[in-house]
$ cat start.csv   # CSV, N, CA and C atoms
chain,number,residue,atom,x,y,z
A,149,MET,N,11.8,7.1,-29.5
A,149,MET,CA,12.4,7.2,-28.2
A,149,MET,C,13.9,7.0,-28.4
A,150,ASN,N,14.8,7.8,-27.9
A,150,ASN,CA,16.2,7.6,-28.1
A,150,ASN,C,16.7,6.8,-27.0
A,151,ARG,N,18.0,6.4,-27.1
A,151,ARG,CA,18.6,5.4,-26.1
A,151,ARG,C,18.7,6.0,-24.7
A,152,ALA,N,18.9,7.3,-24.6
A,152,ALA,CA,19.0,7.9,-23.3
A,152,ALA,C,17.7,7.9,-22.5
A,153,SER,N,16.6,8.0,-23.2
A,153,SER,CA,15.3,8.1,-22.5
A,153,SER,C,14.7,6.7,-22.2
A,154,ALA,N,15.2,5.6,-22.9
A,154,ALA,CA,14.7,4.3,-22.7
A,154,ALA,C,14.8,3.8,-21.2
A,155,PRO,N,15.9,4.0,-20.6
A,155,PRO,CA,16.0,3.5,-19.2
A,155,PRO,C,15.0,4.3,-18.3
A,156,LEU,N,14.8,5.6,-18.5
A,156,LEU,CA,13.9,6.4,-17.7
A,156,LEU,C,12.5,5.9,-17.9
A,157,ALA,N,12.1,5.6,-19.2
A,157,ALA,CA,10.8,5.1,-19.4
A,157,ALA,C,10.5,3.8,-18.8
A,158,ALA,N,11.5,2.9,-18.8
A,158,ALA,CA,11.4,1.6,-18.1
A,158,ALA,C,11.2,1.8,-16.6
A,159,LEU,N,12.0,2.7,-16.0
A,159,LEU,CA,11.9,3.0,-14.6
A,159,LEU,C,10.5,3.5,-14.2
A,160,ALA,N,10.0,4.4,-15.0
A,160,ALA,CA,8.7,5.0,-14.8
A,160,ALA,C,7.6,3.9,-14.9
A,161,LEU,N,7.7,3.0,-15.8
A,161,LEU,CA,6.8,1.9,-16.0
A,161,LEU,C,6.8,1.0,-14.8
A,162,LEU,N,8.0,0.7,-14.3
A,162,LEU,CA,8.2,-0.2,-13.1
A,162,LEU,C,7.6,0.5,-11.9
A,163,LEU,N,7.8,1.8,-11.6
A,163,LEU,CA,7.3,2.5,-10.5
A,163,LEU,C,5.7,2.5,-10.6
A,164,ALA,N,5.2,2.7,-11.8
A,164,ALA,CA,3.8,2.7,-11.9
A,164,ALA,C,3.1,1.4,-11.6
A,165,SER,N,3.8,0.3,-12.0
A,165,SER,CA,3.3,-1.0,-11.7
A,165,SER,C,3.3,-1.3,-10.2
A,166,VAL,N,4.4,-0.9,-9.5
A,166,VAL,CA,4.5,-1.1,-8.1
A,166,VAL,C,3.4,-0.3,-7.4
A,167,SER,N,3.1,0.9,-7.8
A,167,SER,CA,2.0,1.7,-7.2
A,167,SER,C,0.7,1.0,-7.4
A,168,VAL,N,0.4,0.5,-8.6
A,168,VAL,CA,-0.9,-0.2,-8.8
A,168,VAL,C,-1.0,-1.5,-8.0
A,169,GLN,N,0.1,-2.2,-7.8
A,169,GLN,CA,0.1,-3.4,-6.9
A,169,GLN,C,-0.2,-3.0,-5.5
A,170,ALA,N,0.4,-1.9,-5.0
A,170,ALA,CA,0.1,-1.5,-3.6
A,170,ALA,C,-1.3,-1.0,-3.5
A,171,ALA,N,-1.8,-0.4,-4.5
A,171,ALA,CA,-3.2,0.1,-4.5
A,171,ALA,C,-4.2,-1.1,-4.5
A,172,ASP,N,-3.8,-2.2,-5.0
A,172,ASP,CA,-4.7,-3.4,-5.1
A,172,ASP,C,-4.8,-4.0,-3.7
A,173,ASN,N,-3.9,-3.8,-2.8
A,173,ASN,CA,-3.9,-4.4,-1.5
A,173,ASN,C,-4.6,-3.4,-0.6
A,174,PRO,N,-5.8,-3.8,-0.1
A,174,PRO,CA,-6.6,-2.8,0.7
A,174,PRO,C,-6.0,-2.5,2.0
A,175,VAL,N,-5.1,-3.3,2.6
A,175,VAL,CA,-4.6,-3.0,3.9
A,175,VAL,C,-3.3,-2.2,3.9
A,176,ALA,N,-2.6,-2.2,2.7
A,176,ALA,CA,-1.3,-1.5,2.6
A,176,ALA,C,-1.6,0.0,2.7
A,177,GLY,N,-0.8,0.7,3.6
A,177,GLY,CA,-0.9,2.1,3.8
A,177,GLY,C,-0.9,2.5,5.2
A,178,THR,N,-1.4,3.7,5.5
A,178,THR,CA,-1.4,4.2,6.9
A,178,THR,C,-2.8,4.3,7.4
A,179,TRP,N,-3.0,3.8,8.6
A,179,TRP,CA,-4.4,3.8,9.2
A,179,TRP,C,-4.3,4.6,10.5
A,180,LYS,N,-5.3,5.4,10.8
A,180,LYS,CA,-5.5,6.0,12.1
A,180,LYS,C,-6.6,5.2,12.8
A,181,LEU,N,-6.2,4.6,13.9
A,181,LEU,CA,-7.1,3.7,14.7
A,181,LEU,C,-7.4,4.2,16.1
A,182,ALA,N,-8.6,4.0,16.6
A,182,ALA,CA,-8.9,4.3,18.0
A,182,ALA,C,-9.2,3.0,18.7
A,183,SER,N,-8.7,2.9,19.9
A,183,SER,CA,-8.9,1.7,20.7
A,183,SER,C,-9.8,2.2,21.8
A,184,PHE,N,-10.8,1.3,22.2
A,184,PHE,CA,-11.8,1.7,23.2
A,184,PHE,C,-11.5,1.3,24.6
A,185,ALA,N,-10.6,0.3,24.7
A,185,ALA,CA,-10.3,-0.3,26.1
A,185,ALA,C,-9.3,0.6,26.8
A,186,PHE,N,-8.4,1.3,26.2
A,186,PHE,CA,-7.4,2.1,26.8
A,186,PHE,C,-7.8,3.6,26.7
A,187,GLU,N,-8.9,3.9,27.3
A,187,GLU,CA,-9.4,5.3,27.4
A,187,GLU,C,-9.3,6.1,26.0
A,188,GLY,N,-9.7,5.4,25.0
A,188,GLY,CA,-9.7,6.1,23.7
A,188,GLY,C,-8.4,6.3,23.1
A,189,ALA,N,-7.4,5.5,23.4
A,189,ALA,CA,-6.0,5.6,22.8
A,189,ALA,C,-6.1,5.6,21.3
A,190,THR,N,-5.3,6.4,20.7
A,190,THR,CA,-5.2,6.4,19.2
A,190,THR,C,-3.9,5.8,18.8
A,191,TRP,N,-3.9,5.1,17.7
A,191,TRP,CA,-2.8,4.4,17.1
A,191,TRP,C,-2.6,4.7,15.7
A,192,THR,N,-1.4,4.7,15.2
A,192,THR,CA,-1.2,4.7,13.8
A,192,THR,C,-0.6,3.3,13.3
A,193,LEU,N,-1.3,2.7,12.4
A,193,LEU,CA,-1.0,1.4,11.9
A,193,LEU,C,-0.4,1.7,10.5
A,194,THR,N,0.8,1.2,10.3
A,194,THR,CA,1.4,1.4,8.9
A,194,THR,C,1.7,0.0,8.4
A,195,VAL,N,1.1,-0.4,7.3
A,195,VAL,CA,1.3,-1.7,6.7
A,195,VAL,C,1.9,-1.5,5.3
A,196,LYS,N,3.0,-2.3,5.1
A,196,LYS,CA,3.7,-2.3,3.8
A,196,LYS,C,3.6,-3.7,3.2
A,197,GLU,N,3.6,-3.8,1.9
A,197,GLU,CA,3.6,-5.1,1.2
A,197,GLU,C,4.9,-5.1,0.2
A,198,GLN,N,5.7,-6.1,0.4
A,198,GLN,CA,6.8,-6.2,-0.5
A,198,GLN,C,6.9,-7.7,-0.9
A,199,ASN,N,6.9,-7.9,-2.2
A,199,ASN,CA,7.0,-9.3,-2.7
A,199,ASN,C,5.9,-10.2,-2.1
A,200,GLY,N,4.7,-9.7,-1.9
A,200,GLY,CA,3.6,-10.4,-1.4
A,200,GLY,C,3.6,-10.6,0.1
A,201,LYS,N,4.6,-10.1,0.8
A,201,LYS,CA,4.7,-10.3,2.2
A,201,LYS,C,4.3,-8.9,2.9
A,202,LEU,N,3.5,-9.0,4.0
A,202,LEU,CA,3.1,-7.8,4.7
A,202,LEU,C,4.0,-7.6,5.9
A,203,SER,N,4.3,-6.4,6.2
A,203,SER,CA,5.0,-6.0,7.4
A,203,SER,C,4.5,-4.6,7.8
A,204,GLY,N,5.0,-4.1,8.9
A,204,GLY,CA,4.6,-2.8,9.3
A,204,GLY,C,4.9,-2.6,10.8
A,205,LYS,N,4.2,-1.6,11.3
A,205,LYS,CA,4.3,-1.2,12.7
A,205,LYS,C,3.0,-0.6,13.2
A,206,ILE,N,2.9,-0.6,14.5
A,206,ILE,CA,1.8,0.2,15.2
A,206,ILE,C,2.5,1.1,16.2
A,207,SER,N,2.0,2.3,16.2
A,207,SER,CA,2.7,3.3,17.1
A,207,SER,C,1.6,4.2,17.7
A,208,GLY,N,1.9,4.7,18.9
A,208,GLY,CA,1.0,5.6,19.6
A,208,GLY,C,1.7,6.0,20.9
A,209,GLU,N,0.9,6.5,21.8
A,209,GLU,CA,1.4,7.1,23.0
A,209,GLU,C,2.1,6.0,23.9
A,210,TYR,N,1.8,4.7,23.7
A,210,TYR,CA,2.3,3.6,24.5
A,210,TYR,C,3.6,3.1,23.8
A,211,GLY,N,4.0,3.6,22.7
A,211,GLY,CA,5.3,3.2,22.1
A,211,GLY,C,5.1,2.8,20.6
A,212,GLU,N,6.1,2.2,20.0
A,212,GLU,CA,6.1,1.7,18.6
A,212,GLU,C,6.5,0.3,18.6
A,213,TYR,N,5.7,-0.5,17.9
A,213,TYR,CA,6.0,-2.0,17.9
A,213,TYR,C,5.8,-2.5,16.5
A,214,PRO,N,6.7,-3.4,16.1
A,214,PRO,CA,6.6,-4.0,14.7
A,214,PRO,C,5.5,-5.1,14.7
A,215,LEU,N,4.9,-5.2,13.5
A,215,LEU,CA,3.8,-6.2,13.3
A,215,LEU,C,4.5,-7.5,13.1
A,216,ASP,N,3.9,-8.6,13.5
A,216,ASP,CA,4.4,-9.9,13.2
A,216,ASP,C,3.3,-10.8,12.7
A,217,SER,N,3.5,-11.7,11.9
A,217,SER,CA,2.5,-12.6,11.3
A,217,SER,C,1.3,-11.8,10.7
A,218,ALA,N,1.6,-10.7,10.0
A,218,ALA,CA,0.6,-10.0,9.3
A,218,ALA,C,0.1,-10.7,8.1
A,219,LYS,N,-1.2,-10.8,8.0
A,219,LYS,CA,-1.8,-11.6,6.8
A,219,LYS,C,-3.1,-10.9,6.5
A,220,LEU,N,-3.4,-11.0,5.2
A,220,LEU,CA,-4.7,-10.5,4.7
A,220,LEU,C,-5.3,-11.7,3.9
A,221,ASN,N,-6.5,-12.0,4.4
A,221,ASN,CA,-7.3,-13.1,3.8
A,221,ASN,C,-8.7,-12.5,3.4
A,222,GLY,N,-8.8,-12.2,2.1
A,222,GLY,CA,-10.0,-11.5,1.7
A,222,GLY,C,-10.0,-10.1,2.3
A,223,ASN,N,-11.0,-9.8,3.1
A,223,ASN,CA,-11.0,-8.5,3.7
A,223,ASN,C,-10.7,-8.5,5.2
A,224,THR,N,-10.1,-9.7,5.7
A,224,THR,CA,-9.8,-9.8,7.1
A,224,THR,C,-8.2,-9.7,7.2
A,225,PHE,N,-7.8,-8.8,8.0
A,225,PHE,CA,-6.4,-8.5,8.3
A,225,PHE,C,-6.1,-9.0,9.7
A,226,THR,N,-5.1,-10.0,9.8
A,226,THR,CA,-4.7,-10.5,11.1
A,226,THR,C,-3.3,-10.1,11.4
A,227,PHE,N,-2.9,-9.9,12.6
A,227,PHE,CA,-1.6,-9.6,13.0
A,227,PHE,C,-1.3,-9.9,14.4
A,228,ARG,N,0.0,-9.9,14.8
A,228,ARG,CA,0.5,-10.1,16.2
A,228,ARG,C,1.4,-8.9,16.5
A,229,VAL,N,1.4,-8.4,17.7
A,229,VAL,CA,2.3,-7.4,18.1
A,229,VAL,C,2.9,-7.8,19.5
A,230,TYR,N,4.3,-7.8,19.5
A,230,TYR,CA,5.0,-8.1,20.7
A,230,TYR,C,5.4,-6.8,21.4
A,231,MET,N,4.8,-6.6,22.6
A,231,MET,CA,5.0,-5.4,23.4
A,231,MET,C,5.9,-5.8,24.6
A,232,GLY,N,6.8,-6.7,24.4
A,232,GLY,CA,7.6,-7.3,25.4
A,232,GLY,C,7.5,-8.8,25.4
A,233,ASP,N,8.4,-9.5,26.1
A,233,ASP,CA,8.4,-11.0,26.0
A,233,ASP,C,7.1,-11.6,26.3
A,234,ASP,N,6.4,-11.2,27.4
A,234,ASP,CA,5.2,-11.8,27.8
A,234,ASP,C,4.0,-11.0,27.5
A,235,ASN,N,4.1,-9.9,26.7
A,235,ASN,CA,3.1,-9.0,26.4
A,235,ASN,C,2.7,-9.0,24.9
A,236,ILE,N,2.0,-10.1,24.5
A,236,ILE,CA,1.8,-10.3,23.1
A,236,ILE,C,0.3,-10.1,22.8
A,237,TYR,N,0.0,-9.3,21.8
A,237,TYR,CA,-1.4,-9.1,21.4
A,237,TYR,C,-1.6,-9.6,20.0
A,238,ASP,N,-2.8,-10.2,19.8
A,238,ASP,CA,-3.3,-10.6,18.5
A,238,ASP,C,-4.4,-9.8,18.1
A,239,GLY,N,-4.4,-9.3,16.9
A,239,GLY,CA,-5.5,-8.5,16.4
A,239,GLY,C,-6.1,-9.0,15.1
A,240,GLU,N,-7.4,-8.7,14.9
A,240,GLU,CA,-8.1,-9.0,13.6
A,240,GLU,C,-9.0,-7.9,13.3
A,241,GLY,N,-8.8,-7.4,12.1
A,241,GLY,CA,-9.6,-6.3,11.6
A,241,GLY,C,-10.3,-6.7,10.3
A,242,LYS,N,-11.5,-6.2,10.1
A,242,LYS,CA,-12.3,-6.4,8.9
A,242,LYS,C,-12.2,-5.0,8.1
A,243,ILE,N,-11.8,-5.1,6.9
A,243,ILE,CA,-11.7,-3.9,6.0
A,243,ILE,C,-12.9,-3.8,5.2
A,244,SER,N,-13.5,-2.6,5.1
A,244,SER,CA,-14.6,-2.2,4.3
A,244,SER,C,-14.2,-0.9,3.6
A,245,GLY,N,-13.8,-0.9,2.4
A,245,GLY,CA,-13.4,0.3,1.7
A,245,GLY,C,-12.2,0.9,2.4
A,246,LYS,N,-12.3,2.1,2.9
A,246,LYS,CA,-11.3,2.8,3.6
A,246,LYS,C,-11.4,2.8,5.1
A,247,SER,N,-12.2,1.9,5.6
A,247,SER,CA,-12.5,1.7,7.0
A,247,SER,C,-12.1,0.3,7.5
A,248,MET,N,-11.7,0.3,8.8
A,248,MET,CA,-11.4,-1.0,9.4
A,248,MET,C,-12.0,-1.0,10.8
A,249,GLN,N,-12.6,-2.2,11.2
A,249,GLN,CA,-13.0,-2.4,12.5
A,249,GLN,C,-12.5,-3.7,13.0
A,250,GLY,N,-12.1,-3.8,14.2
A,250,GLY,CA,-11.6,-5.1,14.7
A,250,GLY,C,-11.6,-5.3,16.2
A,251,VAL,N,-10.9,-6.3,16.6
A,251,VAL,CA,-10.7,-6.7,18.0
A,251,VAL,C,-9.3,-7.1,18.2
A,252,TYR,N,-8.9,-7.0,19.5
A,252,TYR,CA,-7.5,-7.4,19.9
A,252,TYR,C,-7.6,-8.1,21.2
A,253,LEU,N,-6.6,-9.0,21.5
A,253,LEU,CA,-6.6,-9.8,22.7
A,253,LEU,C,-5.2,-9.9,23.2
A,254,GLY,N,-4.9,-9.6,24.4
A,254,GLY,CA,-3.6,-9.8,25.0
A,254,GLY,C,-3.7,-10.0,26.5
A,255,PRO,N,-2.5,-10.1,27.1
A,255,PRO,CA,-2.5,-10.4,28.5
A,255,PRO,C,-3.1,-9.3,29.4
A,256,GLU,N,-3.1,-8.1,28.9
A,256,GLU,CA,-3.6,-7.0,29.8
A,256,GLU,C,-5.1,-6.7,29.4
A,257,GLY,N,-5.7,-7.5,28.5
A,257,GLY,CA,-7.1,-7.3,28.2
A,257,GLY,C,-7.4,-7.5,26.7
A,258,LYS,N,-8.6,-7.2,26.5
A,258,LYS,CA,-9.1,-7.3,25.1
A,258,LYS,C,-9.9,-6.0,24.8
A,259,GLY,N,-10.1,-5.8,23.6
A,259,GLY,CA,-10.9,-4.6,23.2
A,259,GLY,C,-11.2,-4.6,21.7
A,260,ALA,N,-11.8,-3.4,21.3
A,260,ALA,CA,-12.1,-3.2,19.9
A,260,ALA,C,-11.4,-2.0,19.4
A,261,PHE,N,-11.3,-1.9,18.1
A,261,PHE,CA,-10.7,-0.7,17.5
A,261,PHE,C,-11.5,-0.5,16.2
A,262,LYS,N,-11.4,0.8,15.8
A,262,LYS,CA,-11.9,1.1,14.4
A,262,LYS,C,-11.1,2.3,14.0
A,263,GLY,N,-11.1,2.5,12.7
A,263,GLY,CA,-10.4,3.7,12.1
A,263,GLY,C,-10.5,3.7,10.6
A,264,ASP,N,-9.7,4.7,10.0
A,264,ASP,CA,-9.8,4.9,8.6
A,264,ASP,C,-8.4,5.0,8.0
A,265,LYS,N,-8.3,4.6,6.8
A,265,LYS,CA,-7.1,4.6,6.0
A,265,LYS,C,-6.9,6.1,5.6
A,266,GLN,N,-5.6,6.5,5.7
A,266,GLN,CA,-5.2,7.9,5.4
A,266,GLN,C,-4.9,8.0,4.0
A,267,PRO,N,-5.1,9.2,3.4
A,267,PRO,CA,-4.8,9.4,1.9
A,267,PRO,C,-3.3,9.3,1.7
$ encode --input "start.csv" --output "structure tokens"
Amino acid sequence: MNRASAPLAALALLLASVSVQAADNPVAGTWKLASFAFEGATWTLTVKEQNGKLSGKISGEYGEYPLDSAKLNGNTFTFRVYMGDDNIYDGEGKISGKSMQGVYLGPEGKGAFKGDKQP
């Protein structure tokens, strides 16, 4: 390997290791979810992991909201979504392979959701 290609090889190795780490986290990625309480509303859940910390957003026909307090413990994913000062929802989903099922609770009600991780 010559001197010019060494930095490129190092960058490729770094990117490959980041991809493997993201693949190891079962919740990181994009999920298509359906909620049953709001007339079958569909949501897109996007979860990112950076330096061991989870972040992301949930978006759908009711708007786009950042995730707060996102955590993964085993196969259980918990999160909070602020849809306004007094409109806070807590969610918990169980991950099984590429599927997730869960529940949420907030001031306007509670319900269940399920969905699949997108490729």
$ closest_residue --input "start.csv" --among "A:Asn173, A:Gln249, A:Asn235, A:Ser244" --to "Gly200 in chain A" --atoms "only C-alpha atoms"
A:Asn173
$ atom_distance --input "start.csv" --atom1 "CA of Arg228 in chain A" --atom2 "CA of Leu202 in chain A"
12.0 Å
$ residues_around --input "start.csv" --residues "Ser217 in chain A" --least-positions-apart "3" --cutoff "8 Å" --atoms "all atoms listed in the file" --output "ChimeraX atom specification"
/A:202-203,214,220,225-229
$ atom_distance --input "start.csv" --atom1 "atom N of Tyr230 in chain A" --atom2 "CA of Lys246 in chain A"
24.7 Å
$ closest_residue --input "start.csv" --among "A:Lys180, A:Lys262, A:Lys201, A:Lys219" --to "Gly250 in chain A" --atoms "only N, CA and C atoms"
A:Lys262
$ closest_residue --input "start.csv" --among "A:Pro267, A:Gly254, A:Ala260, A:Gly222" --to "Pro174 in chain A" --atoms "only N, CA and C atoms"
A:Gly222
$ atom_distance --input "start.csv" --atom1 "CA of Met248 in chain A" --atom2 "CA of Leu181 in chain A"
8.3 Å
$ closest_residue --input "start.csv" --among "A:Asn223, A:Val251, A:Leu215, A:Asp172" --to "Ile236 in chain A" --atoms "only C-alpha atoms"
A:Leu215
$ closest_residue --input "start.csv" --among "A:Thr190, A:Gln266, A:Gly232, A:Ser207" --to "Gly177 in chain A" --atoms "only C-alpha atoms"
A:Gln266
$ closest_residue --input "start.csv" --among "A:Ile206, A:Val175, A:Ile243, A:Ala182" --to "Phe261 in chain A" --atoms "only C-alpha atoms"
A:Ala182
$ decode --input "start.csv" --residues "range 184-254 of chain A" --atoms "C-alpha atoms" --output "JSON list (two decimals), in the first residue's frame"
[["chain", "number", "residue", "atom", "x", "y", "z"],
["A", 184, "PHE", "CA", -54.63, 1.75, 16.32],
["A", 185, "ALA", "CA", -56.17, 4.47, 18.53],
["A", 186, "PHE", "CA", -56.02, 7.26, 15.95],
["A", 187, "GLU", "CA", -57.97, 5.62, 13.14],
["A", 188, "GLY", "CA", -55.04, 3.59, 11.91],
["A", 189, "ALA", "CA", -52.60, 6.51, 11.70],
["A", 190, "THR", "CA", -49.21, 5.56, 10.29],
["A", 191, "TRP", "CA", -45.96, 6.94, 11.59],
["A", 192, "THR", "CA", -42.33, 6.85, 10.57],
["A", 193, "LEU", "CA", -39.97, 6.35, 13.50],
["A", 194, "THR", "CA", -36.33, 7.17, 12.80],
["A", 195, "VAL", "CA", -33.78, 6.18, 15.44],
["A", 196, "LYS", "CA", -30.08, 7.02, 15.34],
["A", 197, "GLU", "CA", -27.27, 5.96, 17.61],
["A", 198, "GLN", "CA", -24.21, 8.13, 18.09],
["A", 199, "ASN", "CA", -21.58, 7.47, 20.74],
["A", 200, "GLY", "CA", -23.94, 5.06, 22.50],
["A", 201, "LYS", "CA", -26.77, 7.64, 22.73],
["A", 202, "LEU", "CA", -30.09, 7.20, 20.96],
["A", 203, "SER", "CA", -31.94, 10.06, 19.28],
["A", 204, "GLY", "CA", -34.46, 10.41, 16.52],
["A", 205, "LYS", "CA", -37.91, 11.56, 15.54],
["A", 206, "ILE", "CA", -41.40, 10.35, 14.86],
["A", 207, "SER", "CA", -43.33, 11.82, 11.98],
["A", 208, "GLY", "CA", -46.70, 11.37, 10.35],
["A", 209, "GLU", "CA", -49.84, 13.19, 9.33],
["A", 210, "TYR", "CA", -50.04, 14.83, 12.79],
["A", 211, "GLY", "CA", -46.57, 16.39, 12.51],
["A", 212, "GLU", "CA", -42.93, 15.64, 13.27],
["A", 213, "TYR", "CA", -41.61, 15.40, 16.82],
["A", 214, "PRO", "CA", -38.15, 14.65, 18.25],
["A", 215, "LEU", "CA", -37.67, 11.68, 20.55],
["A", 216, "ASP", "CA", -36.62, 12.36, 24.11],
["A", 217, "SER", "CA", -35.26, 9.91, 26.69],
["A", 218, "ALA", "CA", -34.84, 7.19, 24.06],
["A", 219, "LYS", "CA", -33.35, 4.03, 25.56],
["A", 220, "LEU", "CA", -32.87, 0.43, 24.58],
["A", 221, "ASN", "CA", -32.73, -2.19, 27.33],
["A", 222, "GLY", "CA", -32.41, -5.66, 25.84],
["A", 223, "ASN", "CA", -35.20, -5.77, 23.28],
["A", 224, "THR", "CA", -37.32, -3.07, 24.98],
["A", 225, "PHE", "CA", -37.24, 0.41, 23.44],
["A", 226, "THR", "CA", -38.62, 3.27, 25.54],
["A", 227, "PHE", "CA", -39.05, 6.89, 24.50],
["A", 228, "ARG", "CA", -40.89, 10.14, 25.20],
["A", 229, "VAL", "CA", -42.35, 12.53, 22.64],
["A", 230, "TYR", "CA", -43.30, 16.15, 23.40],
["A", 231, "MET", "CA", -46.17, 17.23, 21.12],
["A", 232, "GLY", "CA", -46.48, 20.56, 22.93],
["A", 233, "ASP", "CA", -45.92, 21.73, 26.51],
["A", 234, "ASP", "CA", -48.73, 19.67, 28.04],
["A", 235, "ASN", "CA", -48.98, 17.00, 25.37],
["A", 236, "ILE", "CA", -46.35, 14.42, 26.35],
["A", 237, "TYR", "CA", -46.49, 10.80, 25.25],
["A", 238, "ASP", "CA", -44.47, 7.89, 26.63],
["A", 239, "GLY", "CA", -43.95, 4.83, 24.48],
["A", 240, "GLU", "CA", -42.55, 1.35, 24.94],
["A", 241, "GLY", "CA", -41.94, -1.13, 22.16],
["A", 242, "LYS", "CA", -40.70, -4.71, 22.17],
["A", 243, "ILE", "CA", -38.42, -5.57, 19.27],
["A", 244, "SER", "CA", -38.43, -9.02, 17.73],
["A", 245, "GLY", "CA", -36.14, -9.24, 14.72],
["A", 246, "LYS", "CA", -37.36, -6.63, 12.24],
["A", 247, "SER", "CA", -40.73, -6.10, 13.98],
["A", 248, "MET", "CA", -41.81, -3.93, 16.89],
["A", 249, "GLN", "CA", -45.01, -3.94, 18.95],
["A", 250, "GLY", "CA", -45.77, -1.57, 21.75],
["A", 251, "VAL", "CA", -47.98, 0.81, 23.64],
["A", 252, "TYR", "CA", -48.09, 4.54, 24.26],
["A", 253, "LEU", "CA", -49.77, 6.74, 26.85],
["A", 254, "GLY", "CA", -50.44, 10.47, 26.79]]
